[in-house]
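Inspection log for the structure reproduced underneath, given as structure tokens.
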Amino acid sequence: MASSADVHVRICAQEIIKYDLEIKALIQDIRDCPGPQSALVELNAQVKEKFNKLRLRIQDLEQMAKEQDKESDRVAIQTETESQWKQMLSNQTAWRKANLACKLAIDNMEKDELLHGEENHNTRQRKATKENLVETSSNITESLMSISRMMSEQVKQSEDTIGTLATSSRTVQETNEEFKSMTGTIHLGRKLILKYNRRELTDKLLIFLALALFFATVLYILKKRLFPFI
């Protein structure tokens, strides 16, 4: 039966996948957006909201990794967290490219409208579009830098975890060598005890034979003294 912690990890991972798919769909909508500028602004607002939610859930998953009791579970969740940070970074890059593509489409649309005598109106709209896109690009760049810093911290944590595993492995190996040494000592002690037991049995037998010889001699002397005619 799965533990409560495992259930929370699975739920968190499912929500991350959900937000990732929603972001990809919105990025595709931006690529296909023919305008106007208000539609692009609305799509970017939705993407930004999804990224914020996704970032929080990845951070939750990162925290769950730290709370794992088993080292193998901790490493597995940290690996998944790194993968999700990389996927988020890839989505950020795709978002930026989609905005640039949409800007190009809007610029082309404005050029077409300009040819139809709407020069002043379209000039103001193009200026507003460029300003908004510059702001959006700046926000995306800031998000990319933030994710890069988080990934650097995650890589450092992974290196520390690998170092801990290496230390644990050496400790287990040293313990195994000590166990082998103790086993050899115990085996040698057992041989010595068996040897001493055999020696004790031999000594007892010799003492018994000596006593028997002694008593036989005494009996022989008594016989010769008391019954010389026998």
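Naming scheme: A, B, ... for chains in displayed order of the structure tokens; residues 1 onward per chain; ligands 1 onward as shown.
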
Shell of 9 Å around range 143-157 of chain A, only C-alpha atoms, local chain residues under 2 positions omitted, as a ChimeraX atom specification: /A:55,62,78,81-82,85-86,88-89,92-93,138-141,159-162

Take the residues that were just selected and, keeping all heavy atoms, output them as a compact mmCIF listing (two decimals), in the first residue's frame.
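Final output, saved to selection07.txt:
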# COMPACT_ATOMS: atom_id res chain seq x y z
N ARG A 55 6.03 26.66 -11.49
CA ARG A 55 7.24 26.88 -10.69
C ARG A 55 7.01 26.47 -9.23
O ARG A 55 7.85 25.84 -8.58
CB ARG A 55 7.65 28.35 -10.77
CG ARG A 55 8.97 28.66 -10.03
CD ARG A 55 9.34 30.13 -10.11
NE ARG A 55 9.59 30.54 -11.48
CZ ARG A 55 8.75 31.27 -12.22
NH1 ARG A 55 7.59 31.67 -11.71
NH2 ARG A 55 9.06 31.60 -13.44
N GLU A 62 10.59 19.57 -5.20
CA GLU A 62 11.97 19.69 -4.72
C GLU A 62 12.03 19.53 -3.21
O GLU A 62 12.92 18.86 -2.66
CB GLU A 62 12.52 21.04 -5.14
CG GLU A 62 14.02 21.18 -5.05
CD GLU A 62 14.48 22.49 -5.64
OE1 GLU A 62 13.92 23.54 -5.26
OE2 GLU A 62 15.36 22.49 -6.51
N GLN A 78 14.84 14.04 -6.94
CA GLN A 78 15.70 15.16 -7.33
C GLN A 78 16.00 15.11 -8.83
O GLN A 78 16.04 16.15 -9.50
CB GLN A 78 17.00 15.12 -6.53
CG GLN A 78 16.84 15.57 -5.09
CD GLN A 78 18.14 15.49 -4.31
OE1 GLN A 78 19.08 14.82 -4.73
NE2 GLN A 78 18.19 16.16 -3.17
N THR A 81 13.00 16.38 -10.55
CA THR A 81 12.92 17.83 -10.38
C THR A 81 13.82 18.54 -11.38
O THR A 81 13.42 19.53 -12.02
CB THR A 81 13.31 18.22 -8.94
OG1 THR A 81 12.46 17.54 -8.02
CG2 THR A 81 13.16 19.72 -8.74
N GLU A 82 15.04 18.05 -11.52
CA GLU A 82 15.96 18.65 -12.50
C GLU A 82 15.38 18.58 -13.90
O GLU A 82 15.48 19.54 -14.68
CB GLU A 82 17.30 17.91 -12.45
CG GLU A 82 18.09 18.15 -11.18
CD GLU A 82 19.39 17.37 -11.15
OE1 GLU A 82 19.80 16.86 -12.21
OE2 GLU A 82 19.99 17.27 -10.08
N TRP A 85 12.74 21.23 -14.24
CA TRP A 85 13.31 22.58 -14.40
C TRP A 85 13.79 22.78 -15.84
O TRP A 85 13.60 23.84 -16.44
CB TRP A 85 14.48 22.77 -13.43
CG TRP A 85 14.11 23.07 -12.01
CD1 TRP A 85 14.53 22.42 -10.88
CD2 TRP A 85 13.26 24.13 -11.53
NE1 TRP A 85 13.98 22.99 -9.75
CE2 TRP A 85 13.21 24.04 -10.12
CE3 TRP A 85 12.55 25.14 -12.16
CZ2 TRP A 85 12.46 24.91 -9.33
CZ3 TRP A 85 11.80 26.02 -11.37
CH2 TRP A 85 11.77 25.90 -9.97
N LYS A 86 14.44 21.76 -16.40
CA LYS A 86 14.93 21.86 -17.78
C LYS A 86 13.77 21.99 -18.75
O LYS A 86 13.83 22.76 -19.71
CB LYS A 86 15.77 20.63 -18.11
CG LYS A 86 17.09 20.57 -17.37
CD LYS A 86 17.87 19.30 -17.72
CE LYS A 86 19.17 19.22 -16.93
NZ LYS A 86 19.91 17.96 -17.23
N MET A 88 10.85 23.27 -18.08
CA MET A 88 10.31 24.61 -17.91
C MET A 88 11.16 25.63 -18.64
O MET A 88 10.64 26.56 -19.27
CB MET A 88 10.23 24.95 -16.41
CG MET A 88 9.58 26.29 -16.13
SD MET A 88 9.39 26.56 -14.35
CE MET A 88 8.72 28.23 -14.38
N LEU A 89 12.48 25.47 -18.58
CA LEU A 89 13.38 26.36 -19.30
C LEU A 89 13.16 26.26 -20.80
O LEU A 89 13.15 27.28 -21.51
CB LEU A 89 14.83 26.00 -18.95
CG LEU A 89 15.91 26.84 -19.62
CD1 LEU A 89 15.80 28.29 -19.20
CD2 LEU A 89 17.29 26.31 -19.28
N GLN A 92 10.06 28.14 -21.61
CA GLN A 92 10.32 29.58 -21.57
C GLN A 92 10.94 30.05 -22.88
O GLN A 92 10.56 31.09 -23.44
CB GLN A 92 11.27 29.90 -20.41
CG GLN A 92 10.67 29.72 -19.03
CD GLN A 92 9.95 30.97 -18.54
OE1 GLN A 92 9.70 31.89 -19.30
NE2 GLN A 92 9.61 30.99 -17.28
N THR A 93 11.90 29.26 -23.39
CA THR A 93 12.54 29.61 -24.66
C THR A 93 11.53 29.56 -25.80
O THR A 93 11.50 30.45 -26.67
CB THR A 93 13.69 28.63 -24.93
OG1 THR A 93 14.63 28.68 -23.84
CG2 THR A 93 14.42 29.00 -26.21
N SER A 138 11.66 41.11 -21.68
CA SER A 138 12.43 41.38 -20.46
C SER A 138 11.98 40.46 -19.33
O SER A 138 12.81 39.91 -18.59
CB SER A 138 12.26 42.84 -20.06
OG SER A 138 12.94 43.12 -18.86
N ASN A 139 10.66 40.27 -19.19
CA ASN A 139 10.14 39.38 -18.15
C ASN A 139 10.58 37.94 -18.38
O ASN A 139 10.93 37.22 -17.43
CB ASN A 139 8.62 39.46 -18.11
CG ASN A 139 8.12 40.81 -17.61
OD1 ASN A 139 8.83 41.52 -16.89
ND2 ASN A 139 6.92 41.21 -18.03
N ILE A 140 10.56 37.53 -19.63
CA ILE A 140 10.98 36.16 -19.94
C ILE A 140 12.45 35.96 -19.63
O ILE A 140 12.87 34.94 -19.07
CB ILE A 140 10.69 35.84 -21.43
CG1 ILE A 140 9.17 35.82 -21.68
CG2 ILE A 140 11.30 34.49 -21.82
CD1 ILE A 140 8.80 35.65 -23.13
N THR A 141 13.28 36.97 -19.99
CA THR A 141 14.71 36.88 -19.70
C THR A 141 14.96 36.76 -18.21
O THR A 141 15.79 35.97 -17.74
CB THR A 141 15.44 38.11 -20.26
OG1 THR A 141 15.24 38.18 -21.68
CG2 THR A 141 16.94 38.03 -19.97
N GLU A 159 25.24 16.95 -6.49
CA GLU A 159 26.64 16.61 -6.27
C GLU A 159 26.87 16.23 -4.81
O GLU A 159 27.60 15.28 -4.50
CB GLU A 159 27.53 17.79 -6.65
CG GLU A 159 27.57 18.05 -8.17
CD GLU A 159 28.37 19.30 -8.51
OE1 GLU A 159 28.72 20.05 -7.56
OE2 GLU A 159 28.64 19.53 -9.70
N ASP A 160 26.24 16.98 -3.89
CA ASP A 160 26.38 16.65 -2.47
C ASP A 160 25.79 15.27 -2.17
O ASP A 160 26.34 14.50 -1.38
CB ASP A 160 25.65 17.71 -1.61
CG ASP A 160 26.34 19.07 -1.69
OD1 ASP A 160 27.53 19.11 -2.07
OD2 ASP A 160 25.68 20.09 -1.40
N THR A 161 24.66 14.96 -2.81
CA THR A 161 24.02 13.66 -2.60
C THR A 161 24.92 12.52 -3.09
O THR A 161 25.08 11.50 -2.44
CB THR A 161 22.68 13.60 -3.34
OG1 THR A 161 21.82 14.63 -2.82
CG2 THR A 161 22.01 12.24 -3.15
N ILE A 162 25.54 12.74 -4.26
CA ILE A 162 26.45 11.72 -4.81
C ILE A 162 27.65 11.53 -3.88
O ILE A 162 28.12 10.41 -3.65
CB ILE A 162 26.91 12.12 -6.22
CG1 ILE A 162 25.71 12.05 -7.19
CG2 ILE A 162 28.03 11.21 -6.71
CD1 ILE A 162 26.01 12.58 -8.57

Find, counting only C-alpha atoms, the residue in A:Arg199, A:His8, A:Lys18, A:Arg96 that gets nearest to Asn44 in chain A.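 Between A:Arg199, A:His8, A:Lys18, A:Arg96, the residue approaching Asn44 in chain A most closely is A:Arg96.
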
Determine the nearest neighbour of Glu71 in chain A from the options A:Leu211, A:Leu21, A:Leu43, A:Leu165, counting only C-alpha atoms.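 Using only C-alpha atoms, the shortest distance to Glu71 in chain A belongs to A:Leu165.
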
Each residue of range 56-104 of chain A with at least one atom at most 10 Å from range 26-37 of chain A should appear once, together with its nearest atom pair and the corresponding distance in Å (one decimal); atoms considered: only C-alpha atoms; ordering: chain, then increasing residue number; output as a tab-separated table.
residue	atom	partner	partner_atom	distance
A:Asn91	CA	A:Ile27	CA	8.2
A:Gln92	CA	A:Ile27	CA	9.4
A:Ala94	CA	A:Ile27	CA	7.2
A:Trp95	CA	A:Ile27	CA	5.6
A:Arg96	CA	A:Ile27	CA	9.0
A:Lys97	CA	A:Arg31	CA	8.5
A:Ala98	CA	A:Arg31	CA	4.9
A:Asn99	CA	A:Ile30	CA	6.6
A:Leu100	CA	A:Arg31	CA	8.8
A:Ala101	CA	A:Arg31	CA	6.3
A:Cys102	CA	A:Arg31	CA	5.7
A:Lys103	CA	A:Gly35	CA	8.9
A:Leu104	CA	A:Pro34	CA	9.9

Please determine, counting only C-alpha atoms, which residue among A:Ala25, A:Leu194, A:Ala128, A:Leu188 has the shortest atom-to-atom distance to Lys50 in chain A.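 The answer is A:Ala25, which sits nearest to Lys50 in chain A.
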
Pick from A:Ile77, A:Ala210, A:Ala45, A:Leu114 nearest to Asp6 in chain A, counting only C-alpha atoms: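 Among A:Ile77, A:Ala210, A:Ala45, A:Leu114, it is A:Ile77 that comes nearest to Asp6 in chain A.
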